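One structure below.
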Amino acid sequence: MEQYFNQYIIVAIFIIIGIALPFGALTAGKLLRPKAPTKEKQTTYESGNEPVGLSQVQFNVRYYMFALLFVIFDVETVFLYPWAVAYQELGLFALIEMLIFVSLLVVGLIYAWKKKVFEWDSI
Amino acid sequence: MLNSYLLLSASLFCIGLYGALSKKNAVIVLLSIELMLNAANVNIIAFSKYGINPSLTGHVFSLFSMTVAAAEVAVGIAILIMLYRNRGISDVTKMDVLKK
Amino acid sequence: MDTRLFAADLLDMLPELTLFIAIIIISLLDLFWPKNASKKGIGVLTLIALIVSAGFLIYQRIHLDGVISLLNDSYLVYHYGILFKLIVLLGVSLIVMMSFGAIRDKDIPHIGEYYVLLMPAALGAMIMASSADIITLFIGLELLSISSYILVALRKHHTKSNEAAFKYIVLGSIASAFILYGMSFLYGMGGSTNLFQIGATLQSLESSFHPMIYVSFFLLLVGFGFKLAAAPFHTWAPEVYSAAPTPVVSFLAVISKAAMLIFMFMFLPVYFVPLDPVQNLTIYSDVVLTLHVVAAISMIVGNIVALMQKNVKRLLAFSSIANAGYFLVVLSTDRPGELVYYLVAYLLMTIGIFAVVTALENSAEHQDISIFSGLYFTAPVTAVMTVILLLSLAGIPLTMGFLGKFFILLGVIQVKTYWLAAIMIVSSVISFYYYFRIIRLMFMRSHSEHTTIKVPVTTMIVIAICVVATIFFAFFPQYMLSFIEWT
């Protein structure tokens, strides 16, 4: 039980260091560096890109298509995890079932491909 | 322990229902529906751990319902995109062609 | 219990597997279909797949011996399940045949997808009919629902249709969420996803958990009511019915309802939870009362609002809302034989009348009720058949619709719920008015339109099948009843 908690203490230390380090570094930098702001320095991209328009723009509807495909294919992997965890006990039959499942996803992929969903001008 | 989870899921469900029925933006309506489905998931997981008859099948159930919810919302967004291209609106209150 | 699946068990799943494989093959074929070839080939293939699947089902029915249960009851082969699956396949096959003449390129840009999507929808309904596990029931329900959302949305360039599809998916998903939430309570109380086990566990629960069981039922009721299009959850129906392609509407009216009925048929026995052993009270009696109230509201609202409709498809939507009421009545009296009989009657007359509507609406290019005017003079055979279908819908003797309603009425009187029987009779009488209005229109000579109406051959076949079956099984109900009861 004690060992169990010790593991959490390590995690807690990691979190604390993770939060403290960037704060500490940035504060130290702020204290040490000279401060001489000019107009060019305060723009969003210092390296020469001129910012255009507002930051809250409407995204192109085409991104939704990729988001949709991502969501669908990404969520299916949820079924791979339990299978992978219990792989040793399940054996060959489950492997074949999983192959069928994955090949169904491939069918979906072919369908999307053939329907030209992956091209930028698809919508 | 169970009660607080049930309370959480009930409030999520109600927030989702309120959002789905009252929000103007169609994307937010779909988000609210997702919230309702996930409230049910919270419920299932809470029952599978702290219920009167705890069992592991709840985990499987929630995995399936997550996938289903994703598919549902994907179709919803696709229909919304179609509507947006034909009419240029994503405002639910302006969808009134059928009333006329 | 062994919960593993063996290769030999796949033979029991043949009807579903056939459809499943057909979906994959036909959807890929649709992709590589020659550009200038007619997409009707896809429809023909779909029809073949449906018929093969039905063939396997009939084979299963003949060799059925008791109940086959696989995977911890998540797949069941049993008497009524097979009947429901046959009804679903019959309905979808008729709809596919009706579509050959009704679906036009300018309406639906992707006809191949239309035919392919009918199959997963039918598969979802079949999964619902062959399962006693809430996970698979939910998956089946969602497979059916998501496919029908897409089917409603298939008229891509039609703004009304787009809007109806969006409303349908939003409200449908809310209903699904309600069903899932209600299921989560059932799972929590029962500790299992198996309906039989849940039912057994609920009976032994302390009374302090009973409110939770009621909560689960009322949450489920919202979802049931929505998918059945029963009032007060019916508001989507007229809008979606008037904007979706007509074959899809008949799918929603028949197959979705049938699937939901088998869903409820499996679910409701869970609520046989004893409340008071002395008075022999169970939660189920409250469930039945609630169903009766919903049924009464549906019958009244459906039949009265239908009187004011000018759009044919809206009118039929309200008629289907009223029919949802009749279905709830027969479901609550727990007579599966009568339920199946009325379901077949409803299937035949609804698909028949929608087939007529597709032909008329395509030649008139609008959906006003006036499309029926003078039909007797432009297409006499169709007109006579339409009259028979409408009489059946109204419930006039010598039709299947009458017998179905009569059986339901007998059941209600047998359980001594006289108020419900009264409402049923009165609302049926009200429904005569709007059905007869259509019939009167058909026999009035219209001077404005001289166009001849062409009914496509396949549509004509569908109408003829529906009419002949409606009359045949009205005169010889014993054939169907003995098939239903045959063990």
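Note on naming: chains are A, B, ... as they come in the structure tokens, residues start from 1 per chain, ligands start from 1 in the order shown.
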
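Counting only C-alpha atoms, C:Leu17 has the following residues at most 9 Å away, ignoring those fewer than 6 positions along the same chain: Leu10, Leu11 and Ser53 of chain C.
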
Output C-alpha atoms for every residue in the selection just made, as a short mmCIF file (atom, residue, chain, number, x, y, z; two decimals), in the first residue's frame.
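Below you can see out.cif, which holds the result:
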```cif
data_model
loop_
_atom_site.label_atom_id
_atom_site.label_comp_id
_atom_site.auth_asym_id
_atom_site.auth_seq_id
_atom_site.Cartn_x
_atom_site.Cartn_y
_atom_site.Cartn_z
CA LEU C 10 -22.44 -18.29 -37.77
CA LEU C 11 -24.96 -20.49 -39.59
CA SER C 53 -31.81 -13.05 -46.56
#
```

- Task: Please provide as a ChimeraX atom specification all residues within 12 Å of C:Asp105, with the sequence filter that same-chain residues fewer than 2 positions apart are discarded (counting only C-alpha atoms).
- Result: /C:38-40,99-103,107-112,114,154-157

Any chance you can output those residues with N, CA and C atoms as a CSV table (one decimal), in the first residue's frame?
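Final output, saved to selection_19.csv:
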```
chain,number,residue,atom,x,y,z
C,38,SER,N,-27.2,2.6,-65.8
C,38,SER,CA,-28.3,2.9,-64.9
C,38,SER,C,-28.0,2.3,-63.5
C,39,LYS,N,-28.3,3.1,-62.5
C,39,LYS,CA,-28.1,2.7,-61.1
C,39,LYS,C,-29.2,1.7,-60.7
C,40,LYS,N,-30.1,1.4,-61.6
C,40,LYS,CA,-31.2,0.5,-61.2
C,40,LYS,C,-30.6,-0.9,-60.9
C,99,SER,N,-39.2,2.1,-55.4
C,99,SER,CA,-38.2,3.1,-55.7
C,99,SER,C,-37.8,3.1,-57.2
C,100,PHE,N,-37.9,2.0,-57.8
C,100,PHE,CA,-37.4,1.9,-59.2
C,100,PHE,C,-38.1,3.0,-60.1
C,101,GLY,N,-39.4,3.1,-59.9
C,101,GLY,CA,-40.1,4.1,-60.7
C,101,GLY,C,-40.2,5.5,-60.0
C,102,ALA,N,-39.9,5.5,-58.7
C,102,ALA,CA,-40.1,6.8,-58.0
C,102,ALA,C,-38.9,7.7,-57.9
C,103,ILE,N,-37.7,7.1,-57.7
C,103,ILE,CA,-36.6,7.9,-57.4
C,103,ILE,C,-36.0,8.4,-58.7
C,107,ASP,N,-33.7,14.4,-58.4
C,107,ASP,CA,-34.1,14.5,-57.0
C,107,ASP,C,-32.9,14.1,-56.1
C,108,ILE,N,-32.4,12.9,-56.4
C,108,ILE,CA,-31.4,12.3,-55.5
C,108,ILE,C,-30.2,12.1,-56.4
C,109,PRO,N,-29.1,12.8,-56.1
C,109,PRO,CA,-27.9,12.7,-57.0
C,109,PRO,C,-27.2,11.3,-56.8
C,110,HIS,N,-27.3,10.7,-55.7
C,110,HIS,CA,-26.6,9.5,-55.5
C,110,HIS,C,-27.6,8.3,-55.3
C,111,ILE,N,-28.1,7.8,-56.4
C,111,ILE,CA,-29.1,6.8,-56.2
C,111,ILE,C,-28.6,5.5,-55.7
C,112,GLY,N,-27.3,5.2,-56.1
C,112,GLY,CA,-26.7,4.0,-55.6
C,112,GLY,C,-26.6,4.0,-54.1
C,114,TYR,N,-28.5,5.5,-52.1
C,114,TYR,CA,-29.9,5.3,-51.6
C,114,TYR,C,-30.2,3.9,-51.4
C,154,LEU,N,-31.1,12.7,-48.3
C,154,LEU,CA,-30.5,12.4,-49.7
C,154,LEU,C,-30.9,13.4,-50.8
C,155,ARG,N,-32.0,14.1,-50.6
C,155,ARG,CA,-32.3,15.1,-51.6
C,155,ARG,C,-31.4,16.3,-51.3
C,156,LYS,N,-30.2,16.2,-51.9
C,156,LYS,CA,-29.1,17.1,-51.5
C,156,LYS,C,-29.4,18.6,-51.8
C,157,HIS,N,-30.1,18.9,-52.9
C,157,HIS,CA,-30.2,20.2,-53.4
C,157,HIS,C,-31.6,20.8,-53.1
```

Would you mind listing, as a compact mmCIF listing (two decimals) with C-alpha atoms, in the first residue's frame, all residues of chain B that have at least one atom within 9 Å of chain A, where only C-alpha atoms are what counts?
```txt
# COMPACT_ATOMS: atom_id res chain seq x y z
CA VAL B 60 -18.13 -2.27 -22.80
CA LEU B 63 -17.28 2.10 -25.35
CA PHE B 64 -20.04 1.21 -27.77
CA MET B 66 -19.11 6.52 -27.46
CA THR B 67 -18.60 5.15 -30.95
CA ALA B 70 -19.33 9.90 -32.74
CA ALA B 71 -21.06 8.42 -35.78
CA VAL B 73 -22.55 13.64 -34.64
CA ALA B 74 -20.51 13.02 -37.80
CA VAL B 75 -23.72 12.57 -39.77
CA ILE B 77 -22.27 17.80 -39.02
CA ALA B 78 -22.41 16.47 -42.58
CA ILE B 81 -22.58 21.42 -43.93
```

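Considering the residues A:Ala36, A:Ile96, A:Asn60, A:Phe66 and counting only C-alpha atoms, A:Val117 has its shortest atom-to-atom contact with A:Phe66.
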
May I ask you to extract the residues of chain B within 9 Å of chain C, using only C-alpha atoms, and to give them as a PDB file with N, CA and C atoms, in the first residue's frame?
```pdb
ATOM      1  N   PHE B  13     -26.888  15.954 -18.190  1.00  0.00           N
ATOM      2  CA  PHE B  13     -27.986  15.628 -19.108  1.00  0.00           C
ATOM      3  C   PHE B  13     -28.916  16.825 -19.263  1.00  0.00           C
ATOM      4  N   LEU B  17     -29.724  18.947 -22.555  1.00  0.00           N
ATOM      5  CA  LEU B  17     -31.089  19.067 -23.082  1.00  0.00           C
ATOM      6  C   LEU B  17     -31.449  20.530 -23.259  1.00  0.00           C
ATOM      7  N   ALA B  20     -29.578  21.841 -26.245  1.00  0.00           N
ATOM      8  CA  ALA B  20     -30.066  21.326 -27.525  1.00  0.00           C
ATOM      9  C   ALA B  20     -31.375  21.980 -27.915  1.00  0.00           C
ATOM     10  N   VAL B  29     -25.880  23.110 -30.813  1.00  0.00           N
ATOM     11  CA  VAL B  29     -26.956  22.138 -30.590  1.00  0.00           C
ATOM     12  C   VAL B  29     -26.397  20.722 -30.655  1.00  0.00           C
ATOM     13  N   LEU B  30     -25.547  20.469 -31.681  1.00  0.00           N
ATOM     14  CA  LEU B  30     -24.961  19.128 -31.801  1.00  0.00           C
ATOM     15  C   LEU B  30     -24.047  18.823 -30.616  1.00  0.00           C
ATOM     16  N   ILE B  33     -26.080  17.760 -27.701  1.00  0.00           N
ATOM     17  CA  ILE B  33     -26.541  16.372 -27.811  1.00  0.00           C
ATOM     18  C   ILE B  33     -25.437  15.419 -27.372  1.00  0.00           C
ATOM     19  N   GLU B  34     -24.209  15.751 -27.786  1.00  0.00           N
ATOM     20  CA  GLU B  34     -23.066  14.935 -27.366  1.00  0.00           C
ATOM     21  C   GLU B  34     -22.958  14.918 -25.843  1.00  0.00           C
ATOM     22  N   MET B  36     -25.418  15.178 -23.772  1.00  0.00           N
ATOM     23  CA  MET B  36     -26.463  14.300 -23.229  1.00  0.00           C
ATOM     24  C   MET B  36     -26.028  12.842 -23.291  1.00  0.00           C
ATOM     25  N   LEU B  37     -25.453  12.465 -24.442  1.00  0.00           N
ATOM     26  CA  LEU B  37     -25.034  11.065 -24.588  1.00  0.00           C
ATOM     27  C   LEU B  37     -23.926  10.739 -23.591  1.00  0.00           C
ATOM     28  N   ASN B  38     -23.021  11.703 -23.366  1.00  0.00           N
ATOM     29  CA  ASN B  38     -21.934  11.443 -22.433  1.00  0.00           C
ATOM     30  C   ASN B  38     -22.405  11.421 -20.991  1.00  0.00           C
ATOM     31  N   ALA B  39     -23.476  12.169 -20.708  1.00  0.00           N
ATOM     32  CA  ALA B  39     -24.053  12.091 -19.366  1.00  0.00           C
ATOM     33  C   ALA B  39     -24.495  10.668 -19.084  1.00  0.00           C
ATOM     34  N   ALA B  40     -25.122  10.055 -20.095  1.00  0.00           N
ATOM     35  CA  ALA B  40     -25.540   8.661 -19.936  1.00  0.00           C
ATOM     36  C   ALA B  40     -24.327   7.769 -19.706  1.00  0.00           C
ATOM     37  N   ASN B  41     -23.215   8.081 -20.391  1.00  0.00           N
ATOM     38  CA  ASN B  41     -21.998   7.291 -20.209  1.00  0.00           C
ATOM     39  C   ASN B  41     -21.477   7.383 -18.787  1.00  0.00           C
ATOM     40  N   ASN B  43     -23.175   7.935 -16.208  1.00  0.00           N
ATOM     41  CA  ASN B  43     -24.092   7.129 -15.422  1.00  0.00           C
ATOM     42  C   ASN B  43     -23.718   5.645 -15.469  1.00  0.00           C
ATOM     43  N   ILE B  44     -23.484   5.166 -16.687  1.00  0.00           N
ATOM     44  CA  ILE B  44     -23.199   3.741 -16.864  1.00  0.00           C
ATOM     45  C   ILE B  44     -21.923   3.359 -16.122  1.00  0.00           C
ATOM     46  N   ILE B  45     -20.893   4.196 -16.277  1.00  0.00           N
ATOM     47  CA  ILE B  45     -19.623   3.874 -15.628  1.00  0.00           C
ATOM     48  C   ILE B  45     -19.763   3.923 -14.113  1.00  0.00           C
ATOM     49  N   ALA B  46     -20.510   4.921 -13.620  1.00  0.00           N
ATOM     50  CA  ALA B  46     -20.707   5.013 -12.171  1.00  0.00           C
ATOM     51  C   ALA B  46     -21.408   3.762 -11.653  1.00  0.00           C
ATOM     52  N   PHE B  47     -22.440   3.322 -12.393  1.00  0.00           N
ATOM     53  CA  PHE B  47     -23.162   2.122 -11.963  1.00  0.00           C
ATOM     54  C   PHE B  47     -22.268   0.888 -12.032  1.00  0.00           C
ATOM     55  N   SER B  48     -21.400   0.838 -13.032  1.00  0.00           N
ATOM     56  CA  SER B  48     -20.597  -0.371 -13.167  1.00  0.00           C
ATOM     57  C   SER B  48     -19.538  -0.451 -12.081  1.00  0.00           C
ATOM     58  N   GLY B  51     -22.472   0.615  -8.413  1.00  0.00           N
ATOM     59  CA  GLY B  51     -23.886   0.243  -8.406  1.00  0.00           C
ATOM     60  C   GLY B  51     -24.197  -0.843  -7.390  1.00  0.00           C
ATOM     61  N   ILE B  52     -25.495  -1.175  -7.260  1.00  0.00           N
ATOM     62  CA  ILE B  52     -25.842  -2.227  -6.305  1.00  0.00           C
ATOM     63  C   ILE B  52     -25.354  -3.579  -6.801  1.00  0.00           C
ATOM     64  N   ASN B  53     -25.313  -3.756  -8.121  1.00  0.00           N
ATOM     65  CA  ASN B  53     -24.744  -4.982  -8.682  1.00  0.00           C
ATOM     66  C   ASN B  53     -23.620  -4.608  -9.647  1.00  0.00           C
ATOM     67  N   PRO B  54     -22.444  -4.291  -9.116  1.00  0.00           N
ATOM     68  CA  PRO B  54     -21.381  -3.825 -10.022  1.00  0.00           C
ATOM     69  C   PRO B  54     -20.993  -4.923 -11.005  1.00  0.00           C
ATOM     70  N   SER B  55     -20.729  -4.521 -12.242  1.00  0.00           N
ATOM     71  CA  SER B  55     -20.279  -5.501 -13.226  1.00  0.00           C
ATOM     72  C   SER B  55     -19.456  -4.789 -14.291  1.00  0.00           C
ATOM     73  N   LEU B  56     -18.707  -5.584 -15.026  1.00  0.00           N
ATOM     74  CA  LEU B  56     -17.764  -4.994 -15.967  1.00  0.00           C
ATOM     75  C   LEU B  56     -18.412  -4.635 -17.300  1.00  0.00           C
ATOM     76  N   THR B  57     -19.606  -5.184 -17.586  1.00  0.00           N
ATOM     77  CA  THR B  57     -20.205  -4.953 -18.895  1.00  0.00           C
ATOM     78  C   THR B  57     -20.469  -3.467 -19.161  1.00  0.00           C
ATOM     79  N   GLY B  58     -20.599  -2.700 -18.083  1.00  0.00           N
ATOM     80  CA  GLY B  58     -20.834  -1.278 -18.253  1.00  0.00           C
ATOM     81  C   GLY B  58     -19.737  -0.601 -19.048  1.00  0.00           C
ATOM     82  N   VAL B  60     -17.933  -1.926 -21.395  1.00  0.00           N
ATOM     83  CA  VAL B  60     -18.130  -2.268 -22.804  1.00  0.00           C
ATOM     84  C   VAL B  60     -19.251  -1.412 -23.392  1.00  0.00           C
ATOM     85  N   PHE B  61     -20.331  -1.293 -22.612  1.00  0.00           N
ATOM     86  CA  PHE B  61     -21.483  -0.509 -23.058  1.00  0.00           C
ATOM     87  C   PHE B  61     -21.052   0.918 -23.367  1.00  0.00           C
ATOM     88  N   PHE B  64     -19.162   1.254 -26.607  1.00  0.00           N
ATOM     89  CA  PHE B  64     -20.042   1.206 -27.770  1.00  0.00           C
ATOM     90  C   PHE B  64     -20.814   2.511 -27.929  1.00  0.00           C
ATOM     91  N   SER B  65     -21.310   3.045 -26.816  1.00  0.00           N
ATOM     92  CA  SER B  65     -22.138   4.234 -26.965  1.00  0.00           C
ATOM     93  C   SER B  65     -21.290   5.435 -27.382  1.00  0.00           C
ATOM     94  N   VAL B  68     -20.992   5.129 -31.143  1.00  0.00           N
ATOM     95  CA  VAL B  68     -22.262   5.479 -31.763  1.00  0.00           C
ATOM     96  C   VAL B  68     -22.464   6.987 -31.753  1.00  0.00           C
ATOM     97  N   ALA B  69     -22.118   7.605 -30.618  1.00  0.00           N
ATOM     98  CA  ALA B  69     -22.296   9.055 -30.518  1.00  0.00           C
ATOM     99  C   ALA B  69     -21.441   9.767 -31.550  1.00  0.00           C
ATOM    100  N   ALA B  71     -20.470   8.604 -34.454  1.00  0.00           N
ATOM    101  CA  ALA B  71     -21.061   8.422 -35.779  1.00  0.00           C
ATOM    102  C   ALA B  71     -22.255   9.344 -35.957  1.00  0.00           C
ATOM    103  N   GLU B  72     -23.054   9.457 -34.905  1.00  0.00           N
ATOM    104  CA  GLU B  72     -24.252  10.282 -34.988  1.00  0.00           C
ATOM    105  C   GLU B  72     -23.890  11.739 -35.248  1.00  0.00           C
ATOM    106  N   VAL B  73     -22.918  12.239 -34.487  1.00  0.00           N
ATOM    107  CA  VAL B  73     -22.550  13.636 -34.641  1.00  0.00           C
ATOM    108  C   VAL B  73     -21.887  13.872 -35.997  1.00  0.00           C
ATOM    109  N   VAL B  75     -22.638  12.409 -38.802  1.00  0.00           N
ATOM    110  CA  VAL B  75     -23.724  12.572 -39.767  1.00  0.00           C
ATOM    111  C   VAL B  75     -24.406  13.921 -39.579  1.00  0.00           C
ATOM    112  N   GLY B  76     -24.572  14.310 -38.314  1.00  0.00           N
ATOM    113  CA  GLY B  76     -25.195  15.603 -38.025  1.00  0.00           C
ATOM    114  C   GLY B  76     -24.429  16.744 -38.646  1.00  0.00           C
ATOM    115  N   ILE B  79     -24.809  16.797 -42.422  1.00  0.00           N
ATOM    116  CA  ILE B  79     -26.085  17.386 -42.852  1.00  0.00           C
ATOM    117  C   ILE B  79     -26.047  18.896 -42.671  1.00  0.00           C
ATOM    118  N   LEU B  80     -25.405  19.340 -41.592  1.00  0.00           N
ATOM    119  CA  LEU B  80     -25.313  20.784 -41.352  1.00  0.00           C
ATOM    120  C   LEU B  80     -24.510  21.471 -42.451  1.00  0.00           C
ATOM    121  N   MET B  82     -24.192  20.496 -45.497  1.00  0.00           N
ATOM    122  CA  MET B  82     -25.048  20.513 -46.683  1.00  0.00           C
ATOM    123  C   MET B  82     -26.042  21.669 -46.610  1.00  0.00           C
ATOM    124  N   LEU B  83     -26.639  21.814 -45.445  1.00  0.00           N
ATOM    125  CA  LEU B  83     -27.607  22.891 -45.241  1.00  0.00           C
ATOM    126  C   LEU B  83     -26.936  24.245 -45.400  1.00  0.00           C
ATOM    127  N   ASN B  86     -26.317  25.064 -49.029  1.00  0.00           N
ATOM    128  CA  ASN B  86     -27.504  25.390 -49.804  1.00  0.00           C
ATOM    129  C   ASN B  86     -28.165  26.688 -49.363  1.00  0.00           C
ATOM    130  N   ARG B  87     -28.122  26.978 -48.073  1.00  0.00           N
ATOM    131  CA  ARG B  87     -28.860  28.137 -47.590  1.00  0.00           C
ATOM    132  C   ARG B  87     -27.975  29.177 -46.938  1.00  0.00           C
ATOM    133  N   MET B  95     -34.296  28.222 -39.506  1.00  0.00           N
ATOM    134  CA  MET B  95     -34.726  27.044 -40.267  1.00  0.00           C
ATOM    135  C   MET B  95     -36.246  26.943 -40.187  1.00  0.00           C
ATOM    136  N   ASP B  96     -36.923  27.687 -41.038  1.00  0.00           N
ATOM    137  CA  ASP B  96     -38.376  27.717 -40.925  1.00  0.00           C
ATOM    138  C   ASP B  96     -39.049  27.573 -42.282  1.00  0.00           C
ATOM    139  N   VAL B  97     -38.343  27.002 -43.254  1.00  0.00           N
ATOM    140  CA  VAL B  97     -38.947  26.845 -44.576  1.00  0.00           C
ATOM    141  C   VAL B  97     -40.164  25.933 -44.507  1.00  0.00           C
ATOM    142  N   LEU B  98     -40.071  24.923 -43.629  1.00  0.00           N
ATOM    143  CA  LEU B  98     -41.139  23.928 -43.585  1.00  0.00           C
ATOM    144  C   LEU B  98     -42.416  24.477 -42.971  1.00  0.00           C
ATOM    145  N   LYS B  99     -42.271  25.567 -42.222  1.00  0.00           N
ATOM    146  CA  LYS B  99     -43.463  26.121 -41.577  1.00  0.00           C
ATOM    147  C   LYS B  99     -44.340  26.849 -42.584  1.00  0.00           C
TER     148      LYS B  99
END
```
